[in-house]
Amino acid sequence: MIECIIPFITATLVNEIKSGCDLNTIIKYGIILIIMAFLSLTFGAVAGSTSATAACGFAKNLRKDMFYSIQNYSFENIDKFQISSLITRLTTDVTNVQNAYMMLIRVAVRAPLMMIFAFVMAFVMGGRMAWIFLVVVPILAIGLGIVIYKTFPLFKKVFTKYDALNKSIQENIKGMRVVKSFVREDYEQKKFEVAAQDVCADFTRAERILALNGPLMQFCMYVVMLFVLSFGSYTIITSRGLDFNIGQFSAILTYNFMILISLMMLSMVFVMITLAGESAKRIVEVINEKSTLTNPEHPVYTVKDGSVSFENVSFKYSERAERMALANINLEIKSGETIGIIGGTGSSKSSLIQLIPRLYDATEGIVKVGGVDVRNYDLNALRNQVAIVLQKNVLFSGTIKENLRWGNKEATDEELVEACKIACADEFINQFPQGYDTYIEQGGANLSGGQRQRLCIARALLKKPKILILDDSTSAVDTRTDAKIRKALREYMPETTKIIIAQRTSSVQDADRIIVMDRGTINGIGTHEQLLAENAIYREIYYSQNNVGDESEN
């Protein structure tokens, strides 16, 4: 409002000077203009500061809500979006929306108001000459409408390609050791270049269309200026300043610039919103996505024991999957039993155990823990009683103590040491100068594979679970240490059900029972001796690992 009043006062001052006013009048108007300019500057600075604070806060809240939503996702939800896409949405997409939001609350409010006030003042000062603006605005609106219609599909495509670009970067950094060991840097660079060029090409096409905003705005601006300058000058000359004077002429030129600058600012907002519109949709998808695993209305909070039951269970990872990962599984595991699971690659050993803590739900049939359908448990209560140690389990940046206390944040130092002794981790921790306060790099990069696995086992033991699942989690450990860990587990937690997935028969041969998996089905169940005598798959694995010829060849 102040900025729109300043040209009016300036026009009045010009007319006063023309009519021969004294110095006091000039000083009076000068002081008024200085005060108004200062107020305008102050309000503008405050508005800019508060809108920046609001936009940054909005972005923070968006990221928080997205991250919280992701924490509740099941693995099926994660598989749907892919990790690289979620990272793009948490970073690039939120930044796009943040910038658009700041433009909206600052420029998209200021510019229309400025345009309305300037338009009203132009009518006050210029009368019928101001009608030129009503001719120009529809032309501009039609042009912008065409631009948005053409660019929106392009932005939708480009963000999908952004995901592919991030996936390429993520894979390259994660597999850097493999890339360097196979000297495949050139291949990775070309793969990245193709993905980057793809993004660049789509963005270029969209930006070329958006770039038409500038010429369109300039065309409208020059049309108005040409009309005002020619028609205004003609009116001043022909009426000798009676119908239209110099002060009005200067004011209407200023209002012309104000209106067209406001339109230019709205054009910038329009570009930002066009870009952010697709980002906003992608963010909303993440926030609105509901986990495929939910708590029942009246959940069970207590897991009675570590017994596990599979009743006619079949499972596939998605509805679109052509075949079942698991088919017709029937299995009873008593509480406190030690069960070994063995089978070839792709036999669905890991798929089987992921149904126990309800990382996925069975497609058909029922999985029970402690005699209760896992779908009737509170998710946190169930998972707190089932500890899984994966082959490639994750350690986080921080000290060894901090990583171990993921298993039990209230664990004492004595309990940490006891768990590490059982997992045979104490022996290498004590060799570090800082012992349990040794800092672990992200992902445990400064530890060997065997050391990482033993720390993960110790972390799982601190949960004191009713079911402990070791999913090939001693693959990087030598056979002597593997045997020590298994012996310690039997003695330390006899009442805990222990399920050991392994590639080596030596890791499971002393289990109470061994399950042989083959192509998603149970091929055999029994002790080491029984399977060696009766199961061809188990016998083949055992003989190949122990350099023993098949009985038929002896």
# chains A, B, ... in the order shown; residues from 1 in each chain; ligands from 1

$ closest_atom_pairs --of "segment 41-155 of chain A" --to "segment 282-292 of chain A" --cutoff "6 Å" --atoms "only C-alpha atoms" --output "CSV"
residue,atom,partner,partner_atom,distance
A:Met66,CA,A:Ile287,CA,5.4
A:Ser69,CA,A:Ile287,CA,5.8
A:Tyr73,CA,A:Ser291,CA,4.8
A:Ser74,CA,A:Ser291,CA,5.6

$ write_last_selection --atoms "C-alpha atoms" --output "short mmCIF file (atom, residue, chain, number, x, y, z; two decimals), in the first residue's frame"
data_model
loop_
_atom_site.label_atom_id
_atom_site.label_comp_id
_atom_site.auth_asym_id
_atom_site.auth_seq_id
_atom_site.Cartn_x
_atom_site.Cartn_y
_atom_site.Cartn_z
CA MET A 66 7.82 -38.10 5.73
CA SER A 69 5.80 -42.21 7.89
CA TYR A 73 6.48 -48.69 6.55
CA SER A 74 6.62 -52.41 6.07
#

$ select_by_dssp --residues "segment 458-532 of chain A" --states "alpha helix (DSSP H)" --output "PyMOL selection string"
chain A and resi 458-461+479-492+528-532

$ write_last_selection --atoms "C-alpha atoms" --output "compact mmCIF listing (two decimals), in the first residue's frame"
# COMPACT_ATOMS: atom_id res chain seq x y z
CA ALA A 458 25.98 -59.35 20.90
CA ARG A 459 23.52 -56.52 20.21
CA ALA A 460 20.73 -59.04 19.57
CA LEU A 461 21.54 -60.96 22.78
CA THR A 479 34.57 -72.39 12.03
CA ARG A 480 36.26 -72.48 15.47
CA THR A 481 34.72 -69.14 16.51
CA ASP A 482 31.39 -70.22 14.99
CA ALA A 483 31.40 -73.33 17.18
CA LYS A 484 32.29 -71.29 20.28
CA ILE A 485 29.39 -68.89 19.63
CA ARG A 486 26.90 -71.76 19.18
CA LYS A 487 28.10 -73.48 22.36
CA ALA A 488 27.82 -70.22 24.34
CA LEU A 489 24.31 -69.60 23.01
CA ARG A 490 23.14 -73.06 24.13
CA GLU A 491 24.49 -72.49 27.64
CA TYR A 492 23.54 -68.81 28.03
CA HIS A 528 22.07 -84.32 11.06
CA GLU A 529 22.34 -88.13 11.07
CA GLN A 530 18.78 -88.65 9.79
CA LEU A 531 19.16 -86.19 6.92
CA LEU A 532 22.57 -87.54 5.99

$ residues_around --residues "segment 415-420 of chain A" --least-positions-apart "4" --cutoff "12 Å" --atoms "only C-alpha atoms" --output "ChimeraX atom specification"
/A:400-411,424-430,435-437,451-464,485,488-489,492-493

$ write_last_selection --atoms "C-alpha atoms" --output "short mmCIF file (atom, residue, chain, number, x, y, z; two decimals), in the first residue's frame"
data_model
loop_
_atom_site.label_atom_id
_atom_site.label_comp_id
_atom_site.auth_asym_id
_atom_site.auth_seq_id
_atom_site.Cartn_x
_atom_site.Cartn_y
_atom_site.Cartn_z
CA ILE A 400 30.76 -49.75 20.25
CA LYS A 401 28.76 -49.15 23.45
CA GLU A 402 26.22 -46.97 21.61
CA ASN A 403 25.76 -49.63 18.94
CA LEU A 404 25.35 -52.44 21.47
CA ARG A 405 22.71 -50.48 23.40
CA TRP A 406 20.46 -50.57 20.35
CA GLY A 407 19.61 -54.01 21.75
CA ASN A 408 18.83 -52.60 25.20
CA LYS A 409 19.30 -48.90 25.90
CA GLU A 410 19.26 -49.58 29.67
CA ALA A 411 21.98 -52.27 29.53
CA CYS A 424 33.17 -63.86 20.96
CA ALA A 425 33.42 -60.10 20.34
CA ASP A 426 35.12 -59.28 23.64
CA GLU A 427 38.43 -60.71 22.45
CA PHE A 428 38.88 -58.17 19.62
CA ILE A 429 37.22 -55.22 21.44
CA ASN A 430 39.82 -55.41 24.21
CA GLY A 435 37.98 -50.66 24.12
CA TYR A 436 34.19 -50.35 24.22
CA ASP A 437 34.47 -46.60 23.58
CA GLN A 451 33.88 -58.36 13.74
CA ARG A 452 30.72 -56.66 12.50
CA GLN A 453 28.78 -59.93 12.64
CA ARG A 454 29.90 -60.69 16.21
CA LEU A 455 28.93 -57.21 17.41
CA CYS A 456 25.51 -57.64 15.78
CA ILE A 457 25.03 -60.97 17.57
CA ALA A 458 25.98 -59.35 20.90
CA ARG A 459 23.52 -56.52 20.21
CA ALA A 460 20.73 -59.04 19.57
CA LEU A 461 21.54 -60.96 22.78
CA LEU A 462 21.05 -57.79 24.85
CA LYS A 463 17.36 -57.83 23.85
CA LYS A 464 17.05 -61.14 25.75
CA ILE A 485 29.39 -68.89 19.63
CA ALA A 488 27.82 -70.22 24.34
CA LEU A 489 24.31 -69.60 23.01
CA TYR A 492 23.54 -68.81 28.03
CA MET A 493 19.95 -68.91 26.75
#

$ residues_around --residues "Leu144 of chain A" --least-positions-apart "4" --cutoff "8 Å" --atoms "only C-alpha atoms" --output "list in words"
Leu140, Ile148, Asn213 and Ser267 of chain A

$ closest_atom_pairs --of "segment 317-342 of chain A" --to "segment 501-507 of chain A" --cutoff "9 Å" --atoms "only C-alpha atoms" --output "tab-separated table"
residue	atom	partner	partner_atom	distance
A:Ile339	CA	A:Ile501	CA	8.5
A:Gly340	CA	A:Ile501	CA	5.9
A:Ile341	CA	A:Ile501	CA	4.7
A:Ile342	CA	A:Ala502	CA	5.7

$ closest_atom_pairs --of "segment 467-503 of chain A" --to "segment 384-393 of chain A" --cutoff "10 Å" --atoms "only C-alpha atoms" --output "JSON lines"
{"residue": "A:Ile467", "atom": "CA", "partner": "A:Val386", "partner_atom": "CA", "distance": 4.8}
{"residue": "A:Leu468", "atom": "CA", "partner": "A:Ala387", "partner_atom": "CA", "distance": 5.0}
{"residue": "A:Ile469", "atom": "CA", "partner": "A:Ile388", "partner_atom": "CA", "distance": 4.7}
{"residue": "A:Leu470", "atom": "CA", "partner": "A:Val389", "partner_atom": "CA", "distance": 4.9}
{"residue": "A:Asp471", "atom": "CA", "partner": "A:Leu390", "partner_atom": "CA", "distance": 4.8}
{"residue": "A:Asp472", "atom": "CA", "partner": "A:Gln391", "partner_atom": "CA", "distance": 5.1}
{"residue": "A:Ser473", "atom": "CA", "partner": "A:Gln391", "partner_atom": "CA", "distance": 4.2}
{"residue": "A:Thr474", "atom": "CA", "partner": "A:Gln391", "partner_atom": "CA", "distance": 7.2}
{"residue": "A:Ser475", "atom": "CA", "partner": "A:Gln391", "partner_atom": "CA", "distance": 7.0}
{"residue": "A:Ala476", "atom": "CA", "partner": "A:Gln391", "partner_atom": "CA", "distance": 8.4}
{"residue": "A:Thr496", "atom": "CA", "partner": "A:Gln385", "partner_atom": "CA", "distance": 9.8}
{"residue": "A:Thr497", "atom": "CA", "partner": "A:Val386", "partner_atom": "CA", "distance": 9.4}
{"residue": "A:Lys498", "atom": "CA", "partner": "A:Ala387", "partner_atom": "CA", "distance": 9.8}
{"residue": "A:Ile499", "atom": "CA", "partner": "A:Ile388", "partner_atom": "CA", "distance": 9.4}
{"residue": "A:Ile500", "atom": "CA", "partner": "A:Val389", "partner_atom": "CA", "distance": 9.7}
{"residue": "A:Ile501", "atom": "CA", "partner": "A:Leu390", "partner_atom": "CA", "distance": 9.5}
{"residue": "A:Ala502", "atom": "CA", "partner": "A:Gln391", "partner_atom": "CA", "distance": 9.6}

$ write_last_selection --atoms "N, CA and C atoms" --output "PDB file, in the first residue's frame"
ATOM      1  N   ILE A 467      12.902 -65.490  20.910  1.00  0.00           N
ATOM      2  CA  ILE A 467      13.318 -66.152  19.661  1.00  0.00           C
ATOM      3  C   ILE A 467      14.529 -65.405  19.111  1.00  0.00           C
ATOM      4  N   LEU A 468      15.605 -66.137  18.847  1.00  0.00           N
ATOM      5  CA  LEU A 468      16.814 -65.555  18.258  1.00  0.00           C
ATOM      6  C   LEU A 468      17.027 -66.190  16.892  1.00  0.00           C
ATOM      7  N   ILE A 469      17.097 -65.349  15.861  1.00  0.00           N
ATOM      8  CA  ILE A 469      17.279 -65.831  14.486  1.00  0.00           C
ATOM      9  C   ILE A 469      18.629 -65.350  13.973  1.00  0.00           C
ATOM     10  N   LEU A 470      19.476 -66.288  13.597  1.00  0.00           N
ATOM     11  CA  LEU A 470      20.780 -65.953  13.015  1.00  0.00           C
ATOM     12  C   LEU A 470      20.723 -66.308  11.535  1.00  0.00           C
ATOM     13  N   ASP A 471      20.571 -65.285  10.696  1.00  0.00           N
ATOM     14  CA  ASP A 471      20.423 -65.493   9.253  1.00  0.00           C
ATOM     15  C   ASP A 471      21.784 -65.415   8.576  1.00  0.00           C
ATOM     16  N   ASP A 472      22.473 -66.574   8.544  1.00  0.00           N
ATOM     17  CA  ASP A 472      23.817 -66.654   7.937  1.00  0.00           C
ATOM     18  C   ASP A 472      24.745 -65.607   8.547  1.00  0.00           C
ATOM     19  N   SER A 473      24.560 -65.373   9.855  1.00  0.00           N
ATOM     20  CA  SER A 473      25.252 -64.263  10.517  1.00  0.00           C
ATOM     21  C   SER A 473      26.634 -64.641  11.043  1.00  0.00           C
ATOM     22  N   THR A 474      27.093 -65.862  10.763  1.00  0.00           N
ATOM     23  CA  THR A 474      28.469 -66.234  11.122  1.00  0.00           C
ATOM     24  C   THR A 474      29.252 -66.637   9.870  1.00  0.00           C
ATOM     25  N   SER A 475      28.765 -66.193   8.706  1.00  0.00           N
ATOM     26  CA  SER A 475      29.408 -66.576   7.442  1.00  0.00           C
ATOM     27  C   SER A 475      30.823 -66.021   7.318  1.00  0.00           C
ATOM     28  N   ALA A 476      31.070 -64.866   7.986  1.00  0.00           N
ATOM     29  CA  ALA A 476      32.405 -64.246   7.904  1.00  0.00           C
ATOM     30  C   ALA A 476      33.289 -64.628   9.090  1.00  0.00           C
ATOM     31  N   THR A 496      15.553 -69.910  25.138  1.00  0.00           N
ATOM     32  CA  THR A 496      15.288 -69.124  23.924  1.00  0.00           C
ATOM     33  C   THR A 496      15.302 -70.031  22.699  1.00  0.00           C
ATOM     34  N   THR A 497      14.312 -69.875  21.847  1.00  0.00           N
ATOM     35  CA  THR A 497      14.283 -70.614  20.581  1.00  0.00           C
ATOM     36  C   THR A 497      15.328 -70.014  19.650  1.00  0.00           C
ATOM     37  N   LYS A 498      16.201 -70.871  19.136  1.00  0.00           N
ATOM     38  CA  LYS A 498      17.295 -70.397  18.284  1.00  0.00           C
ATOM     39  C   LYS A 498      17.129 -70.990  16.884  1.00  0.00           C
ATOM     40  N   ILE A 499      17.027 -70.113  15.896  1.00  0.00           N
ATOM     41  CA  ILE A 499      16.881 -70.537  14.496  1.00  0.00           C
ATOM     42  C   ILE A 499      18.116 -70.060  13.746  1.00  0.00           C
ATOM     43  N   ILE A 500      18.876 -71.031  13.225  1.00  0.00           N
ATOM     44  CA  ILE A 500      20.158 -70.704  12.587  1.00  0.00           C
ATOM     45  C   ILE A 500      20.082 -71.044  11.102  1.00  0.00           C
ATOM     46  N   ILE A 501      20.154 -70.008  10.267  1.00  0.00           N
ATOM     47  CA  ILE A 501      20.239 -70.208   8.812  1.00  0.00           C
ATOM     48  C   ILE A 501      21.716 -70.203   8.440  1.00  0.00           C
ATOM     49  N   ALA A 502      22.142 -71.188   7.679  1.00  0.00           N
ATOM     50  CA  ALA A 502      23.566 -71.277   7.361  1.00  0.00           C
ATOM     51  C   ALA A 502      23.770 -71.908   5.997  1.00  0.00           C
TER      52      ALA A 502
END

$ residues_around --residues "Lys60 of chain A" --least-positions-apart "5" --cutoff "9 Å" --atoms "only C-alpha atoms" --output "list of chain:residue names"
A:Ala55, A:Asp65, A:Val94

$ residues_around --residues "segment 367-377 of chain A" --least-positions-apart "2" --cutoff "9 Å" --atoms "only C-alpha atoms" --output "MDAnalysis selection string"
chainID A and resid 293:313 335 355:358 361:362 365 379:382

$ write_last_selection --atoms "N, CA and C atoms" --output "mmCIF file, in the first residue's frame"
data_model
loop_
_atom_site.group_PDB
_atom_site.id
_atom_site.type_symbol
_atom_site.label_atom_id
_atom_site.label_comp_id
_atom_site.auth_asym_id
_atom_site.auth_seq_id
_atom_site.Cartn_x
_atom_site.Cartn_y
_atom_site.Cartn_z
ATOM 1 N N LEU A 293 1.303 -53.406 7.146
ATOM 2 C CA LEU A 293 1.255 -54.117 8.424
ATOM 3 C C LEU A 293 0.711 -53.164 9.482
ATOM 4 N N THR A 294 -0.397 -53.496 10.077
ATOM 5 C CA THR A 294 -0.991 -52.632 11.094
ATOM 6 C C THR A 294 -1.342 -53.437 12.337
ATOM 7 N N ASN A 295 -1.445 -52.742 13.452
ATOM 8 C CA ASN A 295 -1.867 -53.394 14.692
ATOM 9 C C ASN A 295 -3.357 -53.726 14.630
ATOM 10 N N PRO A 296 -3.761 -54.851 15.232
ATOM 11 C CA PRO A 296 -5.193 -55.144 15.309
ATOM 12 C C PRO A 296 -5.888 -54.194 16.280
ATOM 13 N N GLU A 297 -7.190 -54.224 16.303
ATOM 14 C CA GLU A 297 -7.947 -53.312 17.162
ATOM 15 C C GLU A 297 -7.665 -53.559 18.639
ATOM 16 N N HIS A 298 -7.544 -54.824 19.019
ATOM 17 C CA HIS A 298 -7.245 -55.183 20.417
ATOM 18 C C HIS A 298 -6.026 -56.104 20.421
ATOM 19 N N PRO A 299 -4.806 -55.512 20.342
ATOM 20 C CA PRO A 299 -3.602 -56.338 20.185
ATOM 21 C C PRO A 299 -3.209 -57.086 21.466
ATOM 22 N N VAL A 300 -2.468 -58.171 21.254
ATOM 23 C CA VAL A 300 -1.880 -58.928 22.364
ATOM 24 C C VAL A 300 -0.491 -58.355 22.631
ATOM 25 N N TYR A 301 -0.192 -58.061 23.899
ATOM 26 C CA TYR A 301 1.076 -57.402 24.232
ATOM 27 C C TYR A 301 2.109 -58.344 24.862
ATOM 28 N N THR A 302 1.704 -59.555 25.191
ATOM 29 C CA THR A 302 2.612 -60.484 25.860
ATOM 30 C C THR A 302 2.847 -61.708 24.996
ATOM 31 N N VAL A 303 4.124 -62.000 24.725
ATOM 32 C CA VAL A 303 4.501 -63.211 23.996
ATOM 33 C C VAL A 303 4.820 -64.282 25.027
ATOM 34 N N LYS A 304 4.006 -65.328 25.076
ATOM 35 C CA LYS A 304 4.092 -66.328 26.146
ATOM 36 C C LYS A 304 5.423 -67.076 26.122
ATOM 37 N N ASP A 305 5.823 -67.567 24.958
ATOM 38 C CA ASP A 305 7.074 -68.316 24.847
ATOM 39 C C ASP A 305 7.602 -68.212 23.425
ATOM 40 N N GLY A 306 8.653 -68.963 23.126
ATOM 41 C CA GLY A 306 9.300 -68.876 21.815
ATOM 42 C C GLY A 306 8.876 -69.937 20.826
ATOM 43 N N SER A 307 7.730 -70.554 21.049
ATOM 44 C CA SER A 307 7.259 -71.572 20.094
ATOM 45 C C SER A 307 6.807 -70.896 18.797
ATOM 46 N N VAL A 308 7.026 -71.600 17.675
ATOM 47 C CA VAL A 308 6.673 -71.064 16.352
ATOM 48 C C VAL A 308 5.913 -72.133 15.579
ATOM 49 N N SER A 309 4.855 -71.682 14.906
ATOM 50 C CA SER A 309 4.043 -72.617 14.131
ATOM 51 C C SER A 309 3.694 -72.015 12.774
ATOM 52 N N PHE A 310 3.914 -72.803 11.721
ATOM 53 C CA PHE A 310 3.488 -72.431 10.360
ATOM 54 C C PHE A 310 2.383 -73.397 9.950
ATOM 55 N N GLU A 311 1.215 -72.857 9.613
ATOM 56 C CA GLU A 311 0.075 -73.701 9.231
ATOM 57 C C GLU A 311 -0.354 -73.374 7.805
ATOM 58 N N ASN A 312 0.011 -74.267 6.874
ATOM 59 C CA ASN A 312 -0.352 -74.122 5.449
ATOM 60 C C ASN A 312 0.014 -72.736 4.911
ATOM 61 N N VAL A 313 1.230 -72.318 5.198
ATOM 62 C CA VAL A 313 1.662 -70.965 4.843
ATOM 63 C C VAL A 313 2.235 -70.913 3.430
ATOM 64 N N SER A 335 9.332 -74.202 21.962
ATOM 65 C CA SER A 335 10.080 -73.149 22.651
ATOM 66 C C SER A 335 11.377 -73.720 23.212
ATOM 67 N N LEU A 355 8.739 -63.985 8.186
ATOM 68 C CA LEU A 355 7.325 -64.014 8.558
ATOM 69 C C LEU A 355 7.144 -64.116 10.070
ATOM 70 N N ILE A 356 8.190 -64.554 10.798
ATOM 71 C CA ILE A 356 8.061 -64.754 12.253
ATOM 72 C C ILE A 356 7.915 -63.422 12.992
ATOM 73 N N PRO A 357 8.797 -62.410 12.765
ATOM 74 C CA PRO A 357 8.596 -61.105 13.429
ATOM 75 C C PRO A 357 7.633 -60.207 12.660
ATOM 76 N N ARG A 358 6.966 -60.769 11.673
ATOM 77 C CA ARG A 358 5.990 -60.057 10.854
ATOM 78 C C ARG A 358 6.617 -58.878 10.091
ATOM 79 N N ASP A 361 3.621 -60.177 5.913
ATOM 80 C CA ASP A 361 2.501 -61.039 6.287
ATOM 81 C C ASP A 361 2.403 -62.196 5.305
ATOM 82 N N ALA A 362 2.034 -63.370 5.820
ATOM 83 C CA ALA A 362 1.824 -64.526 4.958
ATOM 84 C C ALA A 362 0.685 -64.234 3.985
ATOM 85 N N GLY A 365 -2.481 -68.850 4.836
ATOM 86 C CA GLY A 365 -2.123 -69.599 6.031
ATOM 87 C C GLY A 365 -1.876 -68.708 7.239
ATOM 88 N N LEU A 379 2.755 -54.926 17.156
ATOM 89 C CA LEU A 379 3.979 -55.112 16.368
ATOM 90 C C LEU A 379 5.241 -54.934 17.213
ATOM 91 N N ASN A 380 5.275 -53.878 18.033
ATOM 92 C CA ASN A 380 6.463 -53.623 18.847
ATOM 93 C C ASN A 380 6.675 -54.728 19.878
ATOM 94 N N ALA A 381 5.579 -55.188 20.476
ATOM 95 C CA ALA A 381 5.683 -56.253 21.486
ATOM 96 C C ALA A 381 6.235 -57.532 20.860
ATOM 97 N N LEU A 382 5.753 -57.870 19.660
ATOM 98 C CA LEU A 382 6.243 -59.070 18.975
ATOM 99 C C LEU A 382 7.711 -58.936 18.613
#

$ residues_around --residues "segment 101-112 of chain A" --least-positions-apart "3" --cutoff "8 Å" --atoms "only C-alpha atoms" --output "list in words"
Ala47, Gly48, Ser51, Ala52, Ala54, Ala55, Val97, Gln98, Met115, Ile116, Ser262, Leu263, Met265, Leu266, Val269 and Met272 of chain A
